[in-house]
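Inspection log for the structure reproduced underneath, given as structure tokens.
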Amino acid sequence: MIPLLLGISFLSFLVMHLAPGDPTALFIDPNIDPVELARVRANWGLDQPLFIQYLVWLKNALLLDFGRSYTTGLPVIAEIGERLPMTLLLMIPSFILTLLITIPVGVISAVRKNSWFDNLFTFFSFAGMAIPTFWLGLMLMLVFSVQLHWLPAVGNLALPLITMTIGSLAGLTRYQRGAMLEVLNQEYIRVARAKGLPERLVIFKHALRNALLPTITILGLSLPDLFGGAFVIETIFAWPGMGRLGVQAIFQRNYPTIMGIVMVSAILIIVGNLLADIAYAIVDPRIRYGKK
Amino acid sequence: MGKNKAARFGLIVMGLFFSLAILAPVIAPYSPDEISSVGATAPSSQHLFGTDDLGRDLLSRSLYGAQISLTVGIVAVVISLLLGTLAGAVAGYYGGWVDGLIMRTVDVMFAFPSIFLILAIQSMLTPNIYNVMVVIGLTSWMGVARLVRGEFLRIRQLQYVEAARAIGCSDLRIIFRHMLPNAQGPIIVAATLGMAGAILTESALSFLGMGVQPPISSWGNMLMDSQAYMRDAPWMAVIPGLLIMITVLSLYFIGEGIRETLSPKERNAGS
Amino acid sequence: MLEVKNLSVNYYVDEGTVKAVAGVSFDLKEGEILGVLGESGSGKSTLGYALLRLVDQPGKIVGGEILLNGRDLLLLPEDELRRLRGAKIAMVFQDPFAALNPVLTIGEQIMESIILHQRATRREARGKAVEALRAVKIDPARIDDYPHQFSGGMRQRVVIAMALACRPEILIADEPTTALDVTIQAEILALLREIKAQFNLSIIYITHNFGIIKELCDRVVVMHKGKIVEAGETRTIFDHPRDAYTKKLVDCLRELR
């Protein structure tokens with residue numbers, strides 16, 4: 001975990017500073033006196049070799065001090081702190097909604113394989129996976145805000161939430177269906193039926209629990225994409241979250257902010273993966289109790 | 001694979017799109033920069049897809065946009081395949097610390113929201129079609145690497161690899177002549193999915209202004225322009241997105257078709 | 001007690017229709033161990049599943065009768081059939097590594113059929129599960145352990161315990177020792193003999209191993225390509241095989257000896 005964070009931070013830092021030119025160019029009068037420029041750069045620590053700059057950054061980052069934004073001068077951590085709840089407000093309900101829909105749909109699709117239900121939802125999953133998320137957002141905006149005036153385009157949670165949820169739903173449903181189908185093919189399912197168990201019990205007690213395992217894994221793996229999606233969606237809907245801040249920061253070459261957001265995202269993703277691991281261990285006794 | 005209707009549909013559509021894209025200069029009714037109307041007009045017999053806010057024919061722009069999307073898709077996927085296959089093969093074949101190092105790198109890169117990384121890199125450069133292709137390729141090799149590594153780990157156990165070693169074949173020869181050909185199925189599937197992903201990513205980038213730059217028309221930047229005219233000229237937003245969706249969907253269908261063809265036969269009649 | 005008349009099971013695959021079981025007739029007398037001998041592809045496992053109507057897609061039972069004490073199982077409504085499964089007729093499966101659900105304790109898997117069929121409370125069911133475990137020589141203290149914590153041979157005992165839980169009359173054993181080592185095999189066979197006596201079972205033992213049939217079974221039916229080619233007392237078949245195929249099988253066994 002720690003090496004992962006170090007790796008991510010170093011990689012990002014490298015990428016940030018590999019660019020020609022530096023941030024001072026963005027907000028300094030080009031005719032400025034070189035001595036003055038040198039002073040400003042020294043002030044920002046930009047005259048140090050790259051590796052030193054990284055270490056300095058790292059030292060502060062450990063205390064969650066990500067420096068100050070180049071554009072606003074405010075502490076990065078404070079700005080992130082303001083925006084993060086908004087992003088979570090978007091991501092967490094979306095996550096829960098996705099789970100609530102994916103699992104039943106996946107299960108029913110598998111159990112009623114090739115029925116109208118399965119075919120319909122398989123079609124929807126493929127469509128959902130193929131739709132560019134940002135375009136989906138635009139279309140929803142078009143239909144619900146511009147044409148129907150049912151929902152406001154910005155400021156309201158509904159449209160971004162729906163866009164985000166549909167995006168994650170599609171692939172996951174398909175995956176859940178596949179996992180369920182595989183489980184249903186297992187011998188112990190036939191054994192359960194041979195014992196005379198009613199089908200409902202076979203599916204929910206025996207099959208579903210096993211089918212959840214790969215789904216949990218995939219959910220953990222999909223977290224980075226979830227964040228990526230959030231960034232784009234926030235930008236389209238002008239949602240004041242961390243993602244929008246991040247995209248703006250990229251355009252502005254606002255390194256401290258970018259690094260801050262990268263690290264916070266990385267930490268959240270890692271925490272998410274940890275939670276997924278814990279959930280997996282809860283469901284799968286083979287992890288909890290190793291071989292005797 | 002002819003059995004799979006969806007895959008057939010996918011192949012037909014992709015064939016069609018490819019042909020149209022290649023033939024764009026010949027069949028486009030207008031030049032993509034040509035102003036042939038006053039402002040945005042709805043689809044009509046003169047302009048099948050309508051025109052955009054500057055009066056440019058959207059059908060023509062879409063055709064040229066197809067060139068962009070398909071080119072980016074192919075080049076990006078080739079880059080990611082080359083990198084990924086190399087990384088995965090080396091990791092899977094040699095194991096040990098080489099494997100550990102490569103897989104750790106894969107883990108780090110996976111933990112990034114890639115859009116963010118790509119945006120960041122693009123913001124450092126002057127975005128154009130070339131660096132878009134390269135950057136997407138450089139950030140999407142990890143999945144292929146994991147896949148190839150997995151396949152190699154599996155194949156490595158098989159007898160004929162032992163046999164080849166026993167005869168004294170060099171490592172390189174074993175990798176290229178014996179192991180890779182057997183991994184090619186999943187790699188091809190990954191290629192179709194990768195291309196679909198690359199097209200989606202390019203469109204998102206261009207949409208945000210960090211991809212293909214105007215006046216070159218990419219489906220993505222056409223969508224960027226369309227945002228301000230959602231009320232007055234909705235077709236500007238609808239059409240490019242639909243085209244992206246159909247392309248990606250076709251690629252998914254083809255990928256699924258290949259995957260089904262490759263998977264081992266279902267259990268046969270029991271004993 | 002169990003009469004099978006003219007049973008047929010087809011598999012419908014892309015290449016065509018496979019007649020896995022074609023017009024098979026035999027009967028199982030009370031208290032006997034009947035062997036079903038055949039190679040892979042002979043239809044013997046399908047036969048076993050068919051007796052419980054557990055044939056999965058793309059298979060389908062297309063004809064015949066299965067009379068359990070006079071009642072045709074093929075005509076029973078699903079819920080009545082379910083009441084019989086596990087309770088009157090139980091099955092022991094081939095692969096002990098696949099037959100147990102990895103996320104449930106063995107106790108749970110044994111108890112659930114008791115709870116279901118005998119309407120027992122959890123406490124009662126637990127008690128009976130403990131008895132079942134004792135009968136198969138597994139330490140009852142391990143009732144809350146998970147399948148992966150047991151070896152192959154022990155898992156197969158658990159599967160047998162599961163089958164015995166509701167005191168069925170008939171046990172169908174589908175190659176229960178094929179996946180196990182020879183030494184364990186002998187243990188399981190001995191165990192089966194014991195529980196047959198203890199629980200008064202009639203057993204249908206499906207296998208490709210004539211040696212086991214000779215040791216265990218009173219009578220045997222020989223299956224080849226979905227049909228029964230010979231049937232009779234084990235001793236008789238072994239000494240005087242009439243059918244050509246049976247002759248081949250017997251010769252193989254003699255040679256190995």
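Here's how to read the names in the structure tokens: chain A, B, ... by the order shown, residue numbers from 1 in each chain, ligand numbers from 1 in the order shown.
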
Distance table requested - chain C against chain A, cut-off 6 Å, only C-alpha atoms: one row per qualifying residue with the closest atom pair and its distance in Å to one decimal, ordered by chain and rising residue number, as CSV.
```
residue,atom,partner,partner_atom,distance
C:Arg82,CA,A:Gly196,CA,4.3
C:Arg85,CA,A:Gly196,CA,4.6
C:Gly86,CA,A:Lys195,CA,4.1
C:Ala98,CA,A:Glu187,CA,5.5
C:Ala99,CA,A:Tyr188,CA,4.3
C:Leu100,CA,A:Tyr188,CA,5.3
C:Asn101,CA,A:Tyr188,CA,5.5
C:Val103,CA,A:Asp284,CA,5.7
C:Gln149,CA,A:Lys291,CA,5.4
```

Would you save the residues from that selection as a PDB file, in the first residue's frame, using N, CA and C atoms?
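The file below, again_8.pdb, is the result:
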```
ATOM      1  N   ARG C  82     -39.575 -32.879  -5.112  1.00  0.00           N
ATOM      2  CA  ARG C  82     -38.576 -32.278  -4.225  1.00  0.00           C
ATOM      3  C   ARG C  82     -38.631 -32.878  -2.843  1.00  0.00           C
ATOM      4  N   ARG C  85     -36.639 -36.017  -3.017  1.00  0.00           N
ATOM      5  CA  ARG C  85     -35.196 -35.871  -3.191  1.00  0.00           C
ATOM      6  C   ARG C  85     -34.530 -35.620  -1.859  1.00  0.00           C
ATOM      7  N   GLY C  86     -33.527 -36.357  -1.582  1.00  0.00           N
ATOM      8  CA  GLY C  86     -32.826 -36.148  -0.329  1.00  0.00           C
ATOM      9  C   GLY C  86     -33.476 -36.929   0.790  1.00  0.00           C
ATOM     10  N   ALA C  98     -15.968 -30.569  -5.740  1.00  0.00           N
ATOM     11  CA  ALA C  98     -16.939 -29.664  -6.351  1.00  0.00           C
ATOM     12  C   ALA C  98     -18.318 -29.778  -5.737  1.00  0.00           C
ATOM     13  N   ALA C  99     -18.569 -30.867  -5.013  1.00  0.00           N
ATOM     14  CA  ALA C  99     -19.938 -31.117  -4.562  1.00  0.00           C
ATOM     15  C   ALA C  99     -20.330 -30.316  -3.334  1.00  0.00           C
ATOM     16  N   LEU C 100     -19.365 -29.729  -2.655  1.00  0.00           N
ATOM     17  CA  LEU C 100     -19.705 -28.976  -1.457  1.00  0.00           C
ATOM     18  C   LEU C 100     -19.579 -27.489  -1.715  1.00  0.00           C
ATOM     19  N   ASN C 101     -20.560 -26.732  -1.242  1.00  0.00           N
ATOM     20  CA  ASN C 101     -20.553 -25.293  -1.416  1.00  0.00           C
ATOM     21  C   ASN C 101     -19.470 -24.684  -0.537  1.00  0.00           C
ATOM     22  N   VAL C 103     -18.803 -21.762   0.551  1.00  0.00           N
ATOM     23  CA  VAL C 103     -19.039 -20.685   1.512  1.00  0.00           C
ATOM     24  C   VAL C 103     -19.939 -21.072   2.682  1.00  0.00           C
ATOM     25  N   GLN C 149     -11.410 -27.038   4.454  1.00  0.00           N
ATOM     26  CA  GLN C 149     -10.576 -27.473   5.565  1.00  0.00           C
ATOM     27  C   GLN C 149     -10.474 -28.993   5.673  1.00  0.00           C
TER      28      GLN C 149
END
```

Proximal residues of chain C relative to chain B (only C-alpha atoms; 9 Å) as an MDAnalysis selection string: chainID C and resid 10:13 18:20 38:47 58:59 225:226

B:Val144 surroundings by only C-alpha atoms, 8 Å radius, close-in-sequence under 5 positions cut, as a count of residues only: 7

Test item: chain A residues at most 8 Å from chain B, counting only C-alpha atoms, as a VMD selection string: chain A and resid 4 7 to 8 12 15 to 16 18 to 20 126 to 127 129 to 132 134 to 135 138 to 139 142 146 to 147 224 to 228 231 247 250 to 251 253 266 269 to 270

Stretch 38-232 of chain B: residues DSSP assigns to helix (DSSP H, G or I), reported as a ChimeraX atom specification: /B:58-94,96-110,114-124,129-139,142-157,159-167,171-208,219-229

Within 9 Å of B:Gly185 using only C-alpha atoms, minus same-chain residues under 4 positions, as a PyMOL selection string: chain B and resi 181+189-190+258-259+262

Contacts of C:Arg71 within 10 Å, only C-alpha atoms, excl. fewer than 5 positions in-chain, as an MDAnalysis selection string: chainID C and resid 2:3 65:66 76

Output for the residues just chosen: C-alpha atoms as a PDB file, in the first residue's frame:
```pdb
ATOM      1  CA  LEU C   2     -37.469 -49.200  -7.761  1.00  0.00           C
ATOM      2  CA  GLU C   3     -38.460 -50.190 -11.238  1.00  0.00           C
ATOM      3  CA  GLU C  65     -41.173 -44.775 -16.354  1.00  0.00           C
ATOM      4  CA  ILE C  66     -39.411 -44.663 -13.029  1.00  0.00           C
ATOM      5  CA  LEU C  76     -44.921 -36.294 -10.208  1.00  0.00           C
TER       6      LEU C  76
END
```

Exercise: C:Ile106 partners within 10 Å, only C-alpha atoms, chain neighbours under 4 positions left out, as a PyMOL selection string: chain C and resi 100-102+110-111+129+133+142-148+150+155+158-159+161-162

Write a file of the just-selected residues containing C-alpha atoms, as a short mmCIF file (atom, residue, chain, number, x, y, z; two decimals), in the first residue's frame.
```
data_model
loop_
_atom_site.label_atom_id
_atom_site.label_comp_id
_atom_site.auth_asym_id
_atom_site.auth_seq_id
_atom_site.Cartn_x
_atom_site.Cartn_y
_atom_site.Cartn_z
CA LEU C 100 -19.71 -28.98 -1.46
CA ASN C 101 -20.55 -25.29 -1.42
CA PRO C 102 -17.36 -23.51 -0.36
CA ILE C 110 -26.06 -31.35 6.20
CA MET C 111 -28.66 -29.64 8.34
CA ALA C 129 -26.16 -33.85 11.67
CA LEU C 133 -21.06 -37.23 10.92
CA ARG C 142 -15.82 -30.20 13.06
CA ILE C 143 -19.43 -29.55 12.24
CA ASP C 144 -18.78 -25.83 11.86
CA ASP C 145 -15.78 -26.19 9.62
CA TYR C 146 -15.75 -25.31 5.97
CA PRO C 147 -15.24 -27.73 3.08
CA HIS C 148 -11.82 -26.43 2.14
CA PHE C 150 -11.06 -31.14 4.74
CA ARG C 155 -15.09 -34.37 1.92
CA VAL C 158 -19.29 -35.34 4.28
CA VAL C 159 -21.13 -35.78 1.01
CA ALA C 161 -23.29 -37.76 5.51
CA MET C 162 -25.32 -35.19 3.64
#
```

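Taking atom CA of A:Phe13 and atom CA of A:Pro49 as endpoints, the distance between them is 12.7 Å.
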
Residues near C:Val222, cut-off 7 Å, only C-alpha atoms, skip fewer than 2 positions along chain, as an MDAnalysis selection string: chainID C and resid 36:38 220 224 228:231

Residues from last step as file, N, CA and C atoms, as a tab-separated table (two decimals), in the first residue's frame:
```
chain	number	residue	atom	x	y	z
C	36	VAL	N	-23.97	-50.26	-11.65
C	36	VAL	CA	-24.17	-49.86	-13.04
C	36	VAL	C	-22.79	-49.66	-13.62
C	37	LEU	N	-22.42	-50.56	-14.52
C	37	LEU	CA	-21.06	-50.54	-15.03
C	37	LEU	C	-21.03	-50.00	-16.45
C	38	GLY	N	-20.13	-49.10	-16.72
C	38	GLY	CA	-20.00	-48.61	-18.08
C	38	GLY	C	-18.81	-47.67	-18.18
C	220	VAL	N	-25.46	-56.55	-11.15
C	220	VAL	CA	-24.89	-55.48	-11.94
C	220	VAL	C	-25.61	-55.38	-13.28
C	224	HIS	N	-23.67	-49.80	-22.30
C	224	HIS	CA	-22.78	-49.47	-23.40
C	224	HIS	C	-23.55	-48.62	-24.38
C	228	ILE	N	-28.53	-51.11	-22.04
C	228	ILE	CA	-28.05	-52.17	-21.13
C	228	ILE	C	-27.76	-53.39	-21.99
C	229	VAL	N	-26.53	-53.84	-21.94
C	229	VAL	CA	-26.16	-54.98	-22.77
C	229	VAL	C	-26.18	-56.30	-22.02
C	230	GLU	N	-26.11	-56.19	-20.71
C	230	GLU	CA	-26.17	-57.42	-19.92
C	230	GLU	C	-26.55	-57.09	-18.50
C	231	ALA	N	-27.24	-57.98	-17.83
C	231	ALA	CA	-27.63	-57.74	-16.44
C	231	ALA	C	-27.68	-59.08	-15.71
```

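A straight line drawn from atom CA of C:Ala135 to atom CA of C:Arg83 is 23.5 Å long.
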
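Here atom CA of C:Asn6 is placed at a distance of 9.3 Å from atom CA of C:Val21.
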